[in-house]
file start-v1.txt (compact mmCIF, C-alpha atoms)
# COMPACT_ATOMS: atom_id res chain seq x y z
CA MET A 1 0.00 0.00 0.00
CA LEU A 2 1.32 3.40 -0.87
CA SER A 3 1.61 5.71 2.11
CA ARG A 4 1.07 8.90 0.18
CA MET A 5 -2.21 10.60 0.96
CA ILE A 6 -4.11 12.32 -1.80
CA PHE A 7 -6.21 15.17 -0.47
CA GLN A 8 -9.09 16.03 -2.78
CA THR A 9 -10.48 19.34 -1.56
CA VAL A 10 -11.33 20.79 -4.93
CA GLU A 11 -14.13 23.29 -4.82
CA SER A 12 -15.21 22.14 -8.27
CA SER A 13 -17.24 24.35 -10.53
CA ILE A 14 -20.68 22.95 -11.05
CA ASN A 15 -21.65 21.70 -14.47
CA ASN A 16 -24.86 23.71 -14.66
CA LYS A 17 -26.33 21.74 -17.52
CA MET A 18 -26.11 18.39 -15.74
CA ALA A 19 -26.13 19.69 -12.14
CA VAL A 20 -23.18 17.50 -11.17
CA ASP A 21 -20.55 18.86 -8.77
CA VAL A 22 -17.53 16.56 -9.17
CA LEU A 23 -15.19 16.44 -6.18
CA TYR A 24 -12.89 13.66 -7.38
CA GLU A 25 -12.65 11.52 -10.51
CA ASP A 26 -10.25 9.00 -12.00
CA ASN A 27 -10.60 5.97 -14.27
CA HIS A 28 -12.27 3.88 -11.58
CA ILE A 29 -14.32 6.09 -9.25
CA ILE A 30 -16.14 9.40 -9.19
CA ALA A 31 -17.22 11.33 -6.10
CA VAL A 32 -19.85 14.06 -6.34
CA ASN A 33 -21.31 16.60 -3.94
CA LYS A 34 -25.02 15.84 -3.76
CA LYS A 35 -27.49 18.67 -3.40
CA PRO A 36 -30.17 18.28 -0.71
CA SER A 37 -32.95 18.01 -3.27
CA GLN A 38 -31.39 15.16 -5.25
CA ILE A 39 -32.10 11.44 -4.90
CA VAL A 40 -29.20 9.04 -5.41
CA GLN A 41 -31.23 6.32 -7.15
CA GLY A 42 -34.66 6.29 -8.76
CA ASP A 43 -37.73 6.01 -6.55
CA LYS A 44 -41.51 6.29 -6.75
CA THR A 45 -41.33 10.07 -7.31
CA GLY A 46 -40.01 9.52 -10.83
CA ASP A 47 -37.49 12.34 -10.38
CA VAL A 48 -34.22 11.99 -12.29
CA PRO A 49 -31.73 10.45 -9.84
CA LEU A 50 -28.18 11.61 -9.29
CA SER A 51 -26.87 8.32 -10.69
CA GLU A 52 -28.41 9.13 -14.09
CA LEU A 53 -27.04 12.67 -14.04
CA VAL A 54 -23.56 11.32 -13.35
CA LYS A 55 -23.90 8.81 -16.18
CA GLN A 56 -24.87 11.59 -18.55
CA PHE A 57 -22.00 13.75 -17.29
CA ILE A 58 -19.50 10.97 -18.04
CA LYS A 59 -21.07 10.23 -21.41
CA GLU A 60 -20.81 13.85 -22.54
CA LYS A 61 -17.40 14.55 -20.99
CA TYR A 62 -15.74 11.60 -22.70
CA ASP A 63 -18.04 11.40 -25.74
CA LYS A 64 -18.84 7.79 -24.90
CA PRO A 65 -21.08 5.81 -27.27
CA GLY A 66 -23.70 3.48 -25.85
CA GLU A 67 -24.51 2.83 -22.22
CA VAL A 68 -22.21 4.16 -19.50
CA PHE A 69 -21.35 1.80 -16.63
CA LEU A 70 -21.89 3.34 -13.20
CA GLY A 71 -22.19 1.42 -9.96
CA THR A 72 -23.95 2.92 -6.94
CA VAL A 73 -21.91 2.08 -3.85
CA HIS A 74 -23.96 3.78 -1.12
CA ARG A 75 -26.72 6.33 -0.65
CA ILE A 76 -27.54 9.29 1.55
CA ASP A 77 -31.05 10.56 2.29
CA ARG A 78 -32.69 12.96 -0.14
CA PRO A 79 -32.73 16.00 2.23
CA VAL A 80 -29.05 15.42 3.11
CA SER A 81 -26.18 16.96 1.14
CA GLY A 82 -22.61 15.84 0.60
CA ILE A 83 -20.32 13.16 -0.76
CA VAL A 84 -21.65 10.24 -2.79
CA LEU A 85 -19.24 7.72 -4.31
CA PHE A 86 -19.86 5.88 -7.57
CA ALA A 87 -17.82 3.20 -9.32
CA LYS A 88 -16.93 3.65 -12.99
CA THR A 89 -15.75 0.05 -13.47
CA SER A 90 -17.03 -3.32 -12.32
CA LYS A 91 -13.68 -4.00 -10.62
CA ALA A 92 -13.99 -0.80 -8.58
CA LEU A 93 -17.62 -1.56 -7.71
CA SER A 94 -16.78 -5.00 -6.35
CA ARG A 95 -13.85 -3.70 -4.30
CA LEU A 96 -15.71 -0.65 -2.99
CA ASN A 97 -18.60 -2.85 -1.89
CA GLU A 98 -16.09 -4.98 -0.01
CA LEU A 99 -14.56 -1.92 1.67
CA PHE A 100 -18.00 -0.80 2.86
CA ARG A 101 -18.83 -4.31 4.09
CA GLU A 102 -15.58 -4.41 6.03
CA LYS A 103 -16.33 -0.93 7.46
CA THR A 104 -12.96 0.46 6.34
CA VAL A 105 -14.52 3.54 4.71
CA GLN A 106 -14.62 6.36 7.27
CA LYS A 107 -17.36 8.96 6.78
CA THR A 108 -17.62 12.24 8.67
CA TYR A 109 -20.76 14.38 8.76
CA TRP A 110 -21.58 17.90 9.86
CA ALA A 111 -24.93 18.61 11.47
CA VAL A 112 -26.50 21.88 12.60
CA VAL A 113 -28.70 21.15 15.61
CA LYS A 114 -31.21 23.05 17.71
CA ASN A 115 -29.87 22.45 21.21
CA LYS A 116 -26.36 22.31 22.62
CA PRO A 117 -25.46 18.79 23.75
CA ALA A 118 -24.96 18.29 27.46
CA GLU A 119 -21.40 17.11 26.81
CA PRO A 120 -19.16 18.69 24.13
CA GLU A 121 -18.26 15.26 22.77
CA GLY A 122 -19.35 11.71 23.29
CA ARG A 123 -20.37 8.34 21.90
CA LEU A 124 -23.97 7.26 21.34
CA VAL A 125 -24.90 3.57 21.28
CA HIS A 126 -28.46 2.44 20.58
CA TYR A 127 -30.49 -0.25 18.86
CA LEU A 128 -32.66 0.98 16.00
CA LYS A 129 -35.57 -0.54 14.15
CA LYS A 130 -37.05 0.78 10.92
CA ASN A 131 -40.80 1.17 10.45
CA GLU A 132 -41.31 0.53 6.75
CA PRO A 133 -44.81 2.10 6.37
CA THR A 134 -43.70 5.40 7.94
CA ASN A 135 -40.08 5.28 6.68
CA LYS A 136 -38.86 6.18 10.16
CA SER A 137 -36.51 4.50 12.58
CA LYS A 138 -36.81 4.46 16.36
CA ILE A 139 -34.73 3.41 19.33
CA VAL A 140 -35.75 0.03 20.74
CA GLY A 141 -34.44 -2.56 23.17
CA LYS A 142 -31.64 -4.79 21.91
CA ASP A 143 -33.85 -7.90 22.25
CA ILE A 144 -36.58 -6.55 19.97
CA PRO A 145 -36.74 -8.55 16.70
CA GLY A 146 -35.13 -6.55 13.89
CA ALA A 147 -33.19 -4.25 16.24
CA LEU A 148 -29.82 -3.20 14.81
CA HIS A 149 -26.82 -1.99 16.78
CA SER A 150 -26.08 1.68 15.98
CA GLU A 151 -23.07 3.64 17.14
CA LEU A 152 -21.54 7.05 16.47
CA GLU A 153 -19.25 9.67 17.97
CA TYR A 154 -20.04 13.38 17.99
CA LYS A 155 -18.04 16.51 18.77
CA LEU A 156 -19.22 20.10 19.20
CA LEU A 157 -17.33 22.32 16.75
CA PHE A 158 -18.99 25.71 17.23
CA SER A 159 -22.05 27.38 18.74
CA SER A 160 -23.95 30.48 17.62
CA ASP A 161 -26.78 32.15 19.49
CA ASN A 162 -29.40 29.70 18.23
CA TYR A 163 -27.68 26.73 16.63
CA HIS A 164 -24.77 24.38 17.16
CA LEU A 165 -22.45 22.66 14.67
CA LEU A 166 -21.58 19.03 15.41
CA GLU A 167 -19.09 16.73 13.72
CA ILE A 168 -20.29 13.13 13.58
CA ARG A 169 -18.37 9.92 12.87
CA PRO A 170 -20.78 6.99 12.47
CA PHE A 171 -19.44 3.47 13.03
CA THR A 172 -22.54 1.79 11.62
CA GLY A 173 -24.74 2.73 8.69
CA ARG A 174 -28.32 2.30 9.83
CA HIS A 175 -31.46 3.87 8.37
CA HIS A 176 -31.66 7.53 9.51
CA GLN A 177 -29.10 6.69 12.20
CA ILE A 178 -27.59 10.14 12.74
CA ARG A 179 -30.98 11.81 12.69
CA VAL A 180 -32.46 9.43 15.28
CA GLN A 181 -29.47 9.32 17.59
CA LEU A 182 -28.96 13.09 17.73
CA ALA A 183 -32.67 13.57 18.37
CA SER A 184 -32.38 11.08 21.24
CA MET A 185 -30.16 13.55 23.15
CA ASN A 186 -32.54 16.44 22.41
CA CYS A 187 -30.44 17.77 19.53
CA PRO A 188 -32.73 17.48 16.48
CA ILE A 189 -31.19 18.53 13.18
CA LYS A 190 -32.36 21.85 11.78
CA GLY A 191 -35.25 21.30 9.38
CA ASP A 192 -35.80 17.65 10.31
CA LEU A 193 -39.52 17.57 11.10
CA LYS A 194 -39.50 13.78 11.06
CA TYR A 195 -37.25 13.64 14.11
CA GLY A 196 -38.34 16.52 16.27
CA PHE A 197 -37.33 19.87 14.77
CA ASN A 198 -40.20 22.36 15.00
CA ARG A 199 -40.22 23.66 11.41
CA SER A 200 -39.01 22.65 7.98
CA ASN A 201 -36.38 24.39 5.86
CA LYS A 202 -37.80 26.29 2.90
CA ASP A 203 -36.13 23.95 0.39
CA ALA A 204 -37.16 20.79 2.31
CA SER A 205 -33.52 20.07 3.16
CA ILE A 206 -32.15 19.25 6.58
CA HIS A 207 -28.86 20.60 7.89
CA LEU A 208 -26.96 17.33 7.66
CA HIS A 209 -23.96 17.17 5.33
CA ALA A 210 -21.67 14.28 4.38
CA ARG A 211 -18.51 16.32 4.82
CA LYS A 212 -15.58 13.91 4.46
CA THR A 213 -14.89 10.39 3.18
CA GLU A 214 -11.62 8.57 3.82
CA LEU A 215 -10.83 5.31 2.08
CA ILE A 216 -8.14 3.22 0.43
CA HIS A 217 -8.50 3.53 -3.34
CA PRO A 218 -9.96 0.23 -4.60
CA VAL A 219 -7.38 -0.11 -7.39
CA SER A 220 -4.30 2.06 -6.70
CA LYS A 221 -4.40 1.33 -2.92
CA GLU A 222 -3.54 4.96 -2.18
CA LYS A 223 -5.36 6.71 0.64
CA LEU A 224 -8.02 9.16 -0.51
CA VAL A 225 -9.45 11.94 1.62
CA ILE A 226 -12.38 13.60 -0.13
CA ILE A 227 -13.94 16.74 1.35
CA ALA A 228 -17.18 18.39 0.23
CA PRO A 229 -18.07 22.04 0.89
CA PRO A 230 -21.53 22.40 2.45
CA PRO A 231 -24.38 24.04 0.53
CA ASP A 232 -24.17 27.75 -0.24
CA GLU A 233 -26.69 28.79 2.40
CA VAL A 234 -26.66 31.44 5.13
CA LEU A 235 -26.27 29.18 8.16
CA TRP A 236 -23.84 26.78 6.51
CA ASN A 237 -21.77 29.75 5.33
CA GLU A 238 -21.73 31.22 8.85
CA PHE A 239 -20.47 28.00 10.42
CA GLY A 240 -18.06 27.37 7.54
CA LYS A 241 -16.18 30.54 8.44
CA ARG A 242 -15.80 29.44 12.07
CA VAL A 243 -14.22 26.00 11.67
call {"tool": "encode", "arguments": {"input": "start-v1.txt", "output": "structure tokens"}}
result
Amino acid sequence: MLSRMIFQTVESSINNKMAVDVLYEDNHIIAVNKKPSQIVQGDKTGDVPLSELVKQFIKEKYDKPGEVFLGTVHRIDRPVSGIVLFAKTSKALSRLNELFREKTVQKTYWAVVKNKPAEPEGRLVHYLKKNEPTNKSKIVGKDIPGALHSELEYKLLFSSDNYHLLEIRPFTGRHHQIRVQLASMNCPIKGDLKYGFNRSNKDASIHLHARKTELIHPVSKEKLVIIAPPPDEVLWNEFGKRV
């Protein structure tokens, strides 16, 4: 394994036509900065998913004939912004899936929350169960059928008069995990009506951002650190200047 670290912190210009903000790209993978309104894969809404936009971006950029291969490695919720990784080759897809299964991909999130946590940093451990009809998860006892172990660390980065910026490192990837676990300590994420915030954001987003992804490149074996700037929005901009 090469020891050299490649820091990808490019504040890429957005391709306005295709609405794809590319943070990192090589022959095997592409990382994009998802907008809060975008879905990663197609769903019942029929809206064009980010995966199709990235395919079209690649097709036009490289003038590729025929169908473009693109493998979806993971997803983040529609109202959440930040890094989404895709595989451009079947080899990369297989190896990235293995990295995620082995939990060797480290993801870091930023969240703007309503209340200041009682402790400036800590670890939250719960068992969560998803309710399919409501598309919500809740904290349950570990012996409840379907309960899944969920664990994360948080750290307070900065506080303003009304809101607080947390950095979160999840160790598991459960449905709505960060949203549920932060709400459990009375720190609902701004705009997240589903988990206890008192009003929605105007654009239906929530203030949760997939800020950083660290992984070993599936082919070159170099270490990648990919960082995504948060959305260009008043509160995000305010906190971005402070940390």
call {"tool": "residues_around", "arguments": {"input": "start-v1.txt", "residues": "Lys107 in chain A", "least_positions_apart": "6", "cutoff": "7 Å", "atoms": "all atoms listed in the file", "output": "list in words"}}
result
Arg169, Pro170, Lys212, Thr213 and Glu214 of chain A
call {"tool": "atom_distance", "arguments": {"input": "start-v1.txt", "atom1": "CA of Ser160 in chain A", "atom2": "CA of Lys114 in chain A"}}
result
10.4 Å
call {"tool": "closest_residue", "arguments": {"input": "start-v1.txt", "among": "A:Val243, A:Ala147, A:Leu85, A:Leu70", "to": "Val32 in chain A", "atoms": "only C-alpha atoms"}}
result
A:Leu85
call {"tool": "closest_residue", "arguments": {"input": "start-v1.txt", "among": "A:Ile39, A:Leu128, A:Leu208, A:Ser51", "to": "Thr108 in chain A", "atoms": "only C-alpha atoms"}}
result
A:Leu208
call {"tool": "residues_near_point", "arguments": {"input": "start-v1.txt", "point": "(-18.1, 16.7, 13.9)", "cutoff": "12 Å", "atoms": "all atoms listed in the file", "output": "PyMOL selection string"}}
result
chain A and resi 107-113+120-123+152-158+164-170+178+208-212+243
call {"tool": "atom_distance", "arguments": {"input": "start-v1.txt", "atom1": "CA of Val84 in chain A", "atom2": "CA of His176 in chain A"}}
result
16.1 Å
call {"tool": "closest_residue", "arguments": {"input": "start-v1.txt", "among": "A:Thr72, A:Asn115, A:Ser220, A:Ser205", "to": "Ser159 in chain A", "atoms": "all atoms listed in the file"}}
result
A:Asn115
call {"tool": "closest_residue", "arguments": {"input": "start-v1.txt", "among": "A:Lys34, A:Ala204, A:Val20, A:Val80", "to": "Lys55 in chain A", "atoms": "only C-alpha atoms"}}
result
A:Val20
call {"tool": "build_atoms", "arguments": {"input": "start-v1.txt", "residues": "range 78-94 of chain A", "atoms": "N, CA and C atoms", "output": "CSV table (one decimal), keeping the file's coordinate frame"}}
result
chain,number,residue,atom,x,y,z
A,78,ARG,N,-32.4,11.9,0.8
A,78,ARG,CA,-32.7,13.0,-0.1
A,78,ARG,C,-32.5,14.3,0.5
A,79,PRO,N,-32.9,14.6,1.7
A,79,PRO,CA,-32.7,16.0,2.2
A,79,PRO,C,-31.3,16.3,2.7
A,80,VAL,N,-30.4,15.3,2.6
A,80,VAL,CA,-29.0,15.4,3.1
A,80,VAL,C,-28.1,15.8,1.9
A,81,SER,N,-27.1,16.6,2.2
A,81,SER,CA,-26.2,17.0,1.1
A,81,SER,C,-24.8,16.3,1.4
A,82,GLY,N,-24.0,16.3,0.4
A,82,GLY,CA,-22.6,15.8,0.6
A,82,GLY,C,-22.1,14.7,-0.3
A,83,ILE,N,-21.1,14.1,0.1
A,83,ILE,CA,-20.3,13.2,-0.8
A,83,ILE,C,-21.1,11.9,-1.1
A,84,VAL,N,-21.2,11.5,-2.3
A,84,VAL,CA,-21.6,10.2,-2.8
A,84,VAL,C,-20.6,9.7,-3.7
A,85,LEU,N,-20.2,8.4,-3.5
A,85,LEU,CA,-19.2,7.7,-4.3
A,85,LEU,C,-19.9,6.8,-5.3
A,86,PHE,N,-19.4,6.8,-6.5
A,86,PHE,CA,-19.9,5.9,-7.6
A,86,PHE,C,-18.7,5.2,-8.2
A,87,ALA,N,-18.9,4.0,-8.6
A,87,ALA,CA,-17.8,3.2,-9.3
A,87,ALA,C,-18.0,3.3,-10.8
A,88,LYS,N,-16.9,3.5,-11.5
A,88,LYS,CA,-16.9,3.6,-13.0
A,88,LYS,C,-16.6,2.3,-13.7
A,89,THR,N,-16.1,1.4,-12.9
A,89,THR,CA,-15.8,0.0,-13.5
A,89,THR,C,-16.3,-1.0,-12.6
A,90,SER,N,-16.5,-2.2,-13.1
A,90,SER,CA,-17.0,-3.3,-12.3
A,90,SER,C,-16.0,-3.7,-11.3
A,91,LYS,N,-14.7,-3.7,-11.6
A,91,LYS,CA,-13.7,-4.0,-10.6
A,91,LYS,C,-13.8,-3.1,-9.4
A,92,ALA,N,-13.9,-1.8,-9.7
A,92,ALA,CA,-14.0,-0.8,-8.6
A,92,ALA,C,-15.3,-1.0,-7.8
A,93,LEU,N,-16.4,-1.3,-8.4
A,93,LEU,CA,-17.6,-1.6,-7.7
A,93,LEU,C,-17.5,-2.7,-6.7
A,94,SER,N,-16.9,-3.8,-7.2
A,94,SER,CA,-16.8,-5.0,-6.4
A,94,SER,C,-15.9,-4.7,-5.2
